[in-house]
Amino acid sequence: MSIGAFTAATDTGRKRRRNEDAYVVEPPLFAVADGMGGAQAGEVASKLAAAALSDTDAGSLSGTERVTSLFQEANRRVYERSATDPSVSGMGTTMTVALVEGAEVVIGHVGDSRAYLLRGGSFAQLTDDHSLVAELMKSGKLSPEEAETHPQRAVITRALGTDPDVDVDAFAVRAEPGDVFLICSDGLTTMVDDDEILGLLERHREDLPRAVKALVAAANRHGGEDNITVVAFEVAADDPPPDDPGGDTVAMPALGSDLEDTIVEAPPPAVDAADAKLADPPTARLRLALTMIGLLALAALLLLWGLLR
Ligand code: MN
């Protein structure tokens with residue numbers, strides 16, 4: 001299993017002044033973080049969490065353990081900054097991660113950003129929102145219709161960076177060729193319902209960057225009340241070449257063949273030049289020796305001619 005097309009789009013929306021969302025598109029790792037806090041704190045939180053994903057070495061861990069350890073490192077960094085820098089005190093962020101590992105996609109999740117899976121014609125939300133309205137719905141105190149307009153629908157019950165420890169939802173999904181995974185912030189899902197997301201994804205299925213732009217445009221058309229971030233990638237049918245360790249990304253096979261071309265073309269001139277350099281000195285020495293012999297012979301003849309006169 002390899003990663004096919006992948007893409008991301010983010011937009012401030014039409015009501016907010018700043019974009020406090022962040023995303024990571026570093027195959028095989030994809031993520032969305034939606035920061036919250038006063039002034040610029042939300043931006044600081046989501047960017048710190050995203051950076052922790054990019055530069056943390058999870059060692060030999062794999063699967064859900066690897067993803068959970070990435071969340072814990074991200075949580076530690078946001079929490080420490082929040083505890084030591086009064087200007088960002090109390091900040092936090094959501095984070096939803098997808099890590100492709102062989103035939104599995106490992107999902108990690110905290111907050112109300114979401115991961116979806118489009119497989120064939122079915123579209124399923126993989127993550128549970130850690131939000132007040134989701135909990136009220138689960139306990140039967142709120143209908144899905146009421147949840148959509150609930151005044152506290154933006155309140156989340158679990159965030160990254162607000163406590164020394166974080167409880168992470170982590171699980172693996174067995175991937176199939178043709179699967180499309182979507183990760184998004186609530187700025188998409190509070191503005192665009194699942195049916196419309198599915199419709200736009202299917203319409204632009206063969207052009208994921210266009211699909212993602214269409215989703216952002218739809219969220220803005222419906223009000224754009226929050227920052228909108230969408231990350232999408234597809235699982236491709238073909239296996240990477242066995243001798244290409246980076247073959248699980250789109251870019252690597254192309255880079256590999258470029259290198260191959262360079263290696264094949266470069267050596268012949270280098271060998272020719274080396275041969276020429278090696279061949280030249282003996283020829284020159286031989287020519288010099290022959291010239292010296294000729295001159296000595298000429299000198300001997302002249303000397304002999306002078307003696308005989
Ligand atoms: Mn948001």
# chains A, B, ... in the order shown; residues from 1 in each chain; ligands from 1
$ residues_around --residues "A:Ala217" --least-positions-apart "6" --cutoff "10 Å" --atoms "only C-alpha atoms" --output "PyMOL selection string"
chain A and resi 11+13+188+211+224+228
$ write_last_selection --atoms "N, CA and C atoms" --output "mmCIF file, in the first residue's frame"
data_model
loop_
_atom_site.group_PDB
_atom_site.id
_atom_site.type_symbol
_atom_site.label_atom_id
_atom_site.label_comp_id
_atom_site.auth_asym_id
_atom_site.auth_seq_id
_atom_site.Cartn_x
_atom_site.Cartn_y
_atom_site.Cartn_z
ATOM 1 N N ASP A 11 -7.977 28.333 5.369
ATOM 2 C CA ASP A 11 -8.520 29.656 5.085
ATOM 3 C C ASP A 11 -9.014 30.269 6.390
ATOM 4 N N GLY A 13 -11.472 32.131 6.811
ATOM 5 C CA GLY A 13 -12.933 32.235 6.848
ATOM 6 C C GLY A 13 -13.350 33.684 6.726
ATOM 7 N N LEU A 188 -14.944 23.598 8.920
ATOM 8 C CA LEU A 188 -15.598 22.946 7.781
ATOM 9 C C LEU A 188 -16.901 22.291 8.225
ATOM 10 N N ALA A 211 -10.873 19.255 -4.929
ATOM 11 C CA ALA A 211 -11.915 18.844 -3.983
ATOM 12 C C ALA A 211 -11.785 19.624 -2.675
ATOM 13 N N GLY A 224 -18.702 30.881 6.663
ATOM 14 C CA GLY A 224 -17.278 30.990 6.989
ATOM 15 C C GLY A 224 -17.035 31.568 8.367
ATOM 16 N N ILE A 228 -11.012 27.511 8.480
ATOM 17 C CA ILE A 228 -11.323 26.245 7.793
ATOM 18 C C ILE A 228 -10.020 25.589 7.336
#
$ residues_around --residues "A:Glu234" --least-positions-apart "4" --cutoff "10 Å" --atoms "only C-alpha atoms" --output "MDAnalysis selection string"
chainID A and resid 2:7 117:118 175:182 205 208
$ residues_near_ligand --ligand "ligand 1" --cutoff "7 Å" --atoms "only C-alpha atoms and all ligand atoms" --output "list of chain:residue names"
A:Asp34, A:Ser185, A:Asp186, A:Gly187, A:Asp226, A:Asn227
$ residues_around --residues "stretch 62-70 of chain A" --least-positions-apart "4" --cutoff "10 Å" --atoms "only C-alpha atoms" --output "NGL selection string"
:A and (29 or 49-50 or 52-58 or 74-76 or 97-102 or 104-109 or 166-172)
$ residues_around --residues "stretch 142-147 of chain A" --least-positions-apart "6" --cutoff "12 Å" --atoms "only C-alpha atoms" --output "short mmCIF file (atom, residue, chain, number, x, y, z; two decimals) with N, CA, C and O atoms, in the first residue's frame"
data_model
loop_
_atom_site.label_atom_id
_atom_site.label_comp_id
_atom_site.auth_asym_id
_atom_site.auth_seq_id
_atom_site.Cartn_x
_atom_site.Cartn_y
_atom_site.Cartn_z
N SER A 131 -16.53 17.13 22.49
CA SER A 131 -17.20 18.42 22.66
C SER A 131 -18.42 18.27 23.56
O SER A 131 -18.95 17.17 23.74
N LEU A 132 -18.86 19.40 24.10
CA LEU A 132 -20.02 19.40 25.00
C LEU A 132 -21.25 18.85 24.27
O LEU A 132 -21.95 17.98 24.80
N VAL A 133 -21.50 19.34 23.05
CA VAL A 133 -22.72 18.89 22.35
C VAL A 133 -22.65 17.41 22.00
O VAL A 133 -23.67 16.72 22.04
N ALA A 134 -21.45 16.90 21.67
CA ALA A 134 -21.32 15.47 21.35
C ALA A 134 -21.65 14.63 22.57
O ALA A 134 -22.31 13.59 22.46
N GLU A 135 -21.23 15.10 23.75
CA GLU A 135 -21.51 14.36 24.99
C GLU A 135 -23.00 14.43 25.35
O GLU A 135 -23.58 13.44 25.78
N LEU A 136 -23.60 15.60 25.13
CA LEU A 136 -25.04 15.74 25.41
C LEU A 136 -25.84 14.86 24.45
O LEU A 136 -26.85 14.25 24.83
N ARG A 153 -21.80 25.06 21.06
CA ARG A 153 -21.33 23.95 20.21
C ARG A 153 -19.83 24.02 19.96
O ARG A 153 -19.23 23.05 19.52
N ALA A 154 -19.19 25.17 20.27
CA ALA A 154 -17.73 25.27 20.07
C ALA A 154 -16.95 24.84 21.32
O ALA A 154 -15.73 24.80 21.30
N VAL A 155 -17.67 24.52 22.41
CA VAL A 155 -16.98 24.15 23.65
C VAL A 155 -16.47 22.70 23.55
O VAL A 155 -17.24 21.78 23.32
N THR A 190 -18.89 22.54 10.86
CA THR A 190 -20.02 23.31 11.39
C THR A 190 -20.74 24.09 10.28
O THR A 190 -21.87 24.53 10.47
N ASP A 193 -22.51 20.17 5.88
CA ASP A 193 -22.88 18.87 6.45
C ASP A 193 -22.21 17.71 5.68
O ASP A 193 -21.66 17.90 4.59
#
$ closest_residue --among "A:Ala41, A:Leu201, A:Ala299, A:Ile183" --to "A:Ser87" --atoms "only C-alpha atoms"
A:Ala41
$ select_by_dssp --residues "stretch 143-243 of chain A" --states "helix (DSSP H, G or I)" --output "number ranges by chain"
A: 144-149, 186-189, 194-203, 208-221
$ write_last_selection --atoms "N, CA, C and O atoms" --output "compact mmCIF listing (two decimals), in the first residue's frame"
# COMPACT_ATOMS: atom_id res chain seq x y z
N PRO A 144 -29.46 15.75 17.15
CA PRO A 144 -28.46 16.28 16.20
C PRO A 144 -28.86 17.66 15.67
O PRO A 144 -28.00 18.50 15.46
N GLU A 145 -30.17 17.88 15.50
CA GLU A 145 -30.66 19.18 15.00
C GLU A 145 -30.38 20.29 16.03
O GLU A 145 -29.93 21.38 15.68
N GLU A 146 -30.66 19.96 17.31
CA GLU A 146 -30.42 20.93 18.38
C GLU A 146 -28.92 21.22 18.51
O GLU A 146 -28.52 22.36 18.77
N ALA A 147 -28.12 20.20 18.31
CA ALA A 147 -26.66 20.34 18.45
C ALA A 147 -26.10 21.34 17.44
O ALA A 147 -25.19 22.11 17.74
N GLU A 148 -26.69 21.32 16.23
CA GLU A 148 -26.20 22.20 15.16
C GLU A 148 -26.30 23.68 15.51
O GLU A 148 -25.50 24.48 15.02
N THR A 149 -27.31 24.03 16.32
CA THR A 149 -27.51 25.44 16.63
C THR A 149 -27.23 25.77 18.10
O THR A 149 -27.47 26.87 18.56
N ASP A 186 -13.19 22.15 12.72
CA ASP A 186 -14.65 22.31 12.83
C ASP A 186 -15.18 23.47 11.99
O ASP A 186 -16.39 23.56 11.78
N GLY A 187 -14.28 24.31 11.47
CA GLY A 187 -14.71 25.37 10.57
C GLY A 187 -15.31 24.83 9.28
O GLY A 187 -16.11 25.50 8.62
N LEU A 188 -14.94 23.60 8.92
CA LEU A 188 -15.60 22.95 7.78
C LEU A 188 -16.90 22.29 8.23
O LEU A 188 -17.96 22.54 7.65
N THR A 189 -16.83 21.46 9.28
CA THR A 189 -17.98 20.61 9.62
C THR A 189 -19.14 21.36 10.28
O THR A 189 -20.26 20.85 10.26
N ASP A 194 -22.25 16.52 6.30
CA ASP A 194 -21.54 15.37 5.74
C ASP A 194 -21.96 15.04 4.31
O ASP A 194 -21.12 14.65 3.49
N ASP A 195 -23.28 15.17 4.01
CA ASP A 195 -23.76 14.85 2.65
C ASP A 195 -23.12 15.77 1.61
O ASP A 195 -22.74 15.32 0.53
N GLU A 196 -23.02 17.05 1.96
CA GLU A 196 -22.42 17.98 1.00
C GLU A 196 -20.91 17.74 0.86
O GLU A 196 -20.36 17.84 -0.24
N ILE A 197 -20.24 17.41 1.98
CA ILE A 197 -18.81 17.08 1.92
C ILE A 197 -18.61 15.87 1.00
O ILE A 197 -17.75 15.89 0.10
N LEU A 198 -19.43 14.83 1.19
CA LEU A 198 -19.33 13.64 0.36
C LEU A 198 -19.56 13.98 -1.12
O LEU A 198 -18.82 13.52 -1.99
N GLY A 199 -20.60 14.80 -1.39
CA GLY A 199 -20.92 15.18 -2.78
C GLY A 199 -19.75 15.87 -3.46
O GLY A 199 -19.40 15.54 -4.60
N LEU A 200 -19.11 16.80 -2.74
CA LEU A 200 -17.99 17.55 -3.33
C LEU A 200 -16.76 16.65 -3.51
O LEU A 200 -16.05 16.75 -4.51
N LEU A 201 -16.54 15.76 -2.55
CA LEU A 201 -15.41 14.82 -2.67
C LEU A 201 -15.59 13.91 -3.88
O LEU A 201 -14.64 13.65 -4.63
N GLU A 202 -16.81 13.42 -4.07
CA GLU A 202 -17.06 12.50 -5.20
C GLU A 202 -16.98 13.24 -6.53
O GLU A 202 -16.47 12.70 -7.51
N ARG A 203 -17.47 14.48 -6.56
CA ARG A 203 -17.44 15.25 -7.81
C ARG A 203 -16.00 15.50 -8.27
O ARG A 203 -15.69 15.47 -9.45
N LEU A 208 -7.89 15.78 -6.08
CA LEU A 208 -8.03 16.07 -4.64
C LEU A 208 -7.75 17.53 -4.28
O LEU A 208 -8.49 18.09 -3.45
N PRO A 209 -6.71 18.17 -4.86
CA PRO A 209 -6.51 19.59 -4.52
C PRO A 209 -7.75 20.43 -4.84
O PRO A 209 -8.11 21.33 -4.08
N ARG A 210 -8.42 20.09 -5.94
CA ARG A 210 -9.62 20.83 -6.31
C ARG A 210 -10.77 20.51 -5.34
O ARG A 210 -11.54 21.39 -4.97
N ALA A 211 -10.87 19.26 -4.93
CA ALA A 211 -11.91 18.84 -3.98
C ALA A 211 -11.79 19.62 -2.68
O ALA A 211 -12.78 20.13 -2.13
N VAL A 212 -10.56 19.73 -2.20
CA VAL A 212 -10.30 20.40 -0.92
C VAL A 212 -10.60 21.91 -1.02
O VAL A 212 -11.17 22.50 -0.10
N LYS A 213 -10.25 22.51 -2.17
CA LYS A 213 -10.57 23.93 -2.39
C LYS A 213 -12.08 24.13 -2.44
O LYS A 213 -12.61 25.13 -1.92
N ALA A 214 -12.79 23.18 -3.07
CA ALA A 214 -14.25 23.27 -3.16
C ALA A 214 -14.88 23.18 -1.77
O ALA A 214 -15.89 23.85 -1.49
N LEU A 215 -14.30 22.37 -0.88
CA LEU A 215 -14.83 22.25 0.49
C LEU A 215 -14.64 23.55 1.26
O LEU A 215 -15.56 24.00 1.95
N VAL A 216 -13.48 24.17 1.12
CA VAL A 216 -13.22 25.46 1.79
C VAL A 216 -14.18 26.52 1.25
O VAL A 216 -14.77 27.29 2.02
N ALA A 217 -14.38 26.52 -0.07
CA ALA A 217 -15.28 27.50 -0.69
C ALA A 217 -16.72 27.30 -0.18
O ALA A 217 -17.43 28.26 0.09
N ALA A 218 -17.13 26.04 -0.02
CA ALA A 218 -18.48 25.74 0.46
C ALA A 218 -18.65 26.25 1.90
O ALA A 218 -19.69 26.83 2.24
N ALA A 219 -17.63 26.05 2.75
CA ALA A 219 -17.70 26.53 4.14
C ALA A 219 -17.84 28.05 4.16
O ALA A 219 -18.62 28.60 4.95
N ASN A 220 -17.13 28.73 3.30
CA ASN A 220 -17.24 30.20 3.23
C ASN A 220 -18.59 30.64 2.68
O ASN A 220 -19.17 31.62 3.14
N ARG A 221 -19.11 29.89 1.71
CA ARG A 221 -20.43 30.19 1.13
C ARG A 221 -21.52 30.09 2.19
O ARG A 221 -22.49 30.84 2.19
$ closest_residue --among "A:Asp129, A:Glu80, A:Asp85, A:Glu26" --to "A:Arg158" --atoms "only C-alpha atoms"
A:Asp129
$ closest_residue --among "A:Ser89, A:Pro151, A:Gly42, A:Pro164" --to "A:Arg77" --atoms "only C-alpha atoms"
A:Pro164
$ atom_distance --atom1 "atom CA of A:Glu20" --atom2 "atom CA of A:Gly92"
10.9 Å
$ select_by_dssp --residues "stretch 132-192 of chain A" --states "strand (DSSP E)" --output "number ranges by chain"
A: 169-174, 180-184
$ atom_distance --atom1 "atom CA of A:Ala236" --atom2 "atom CA of A:Met1"
6.2 Å
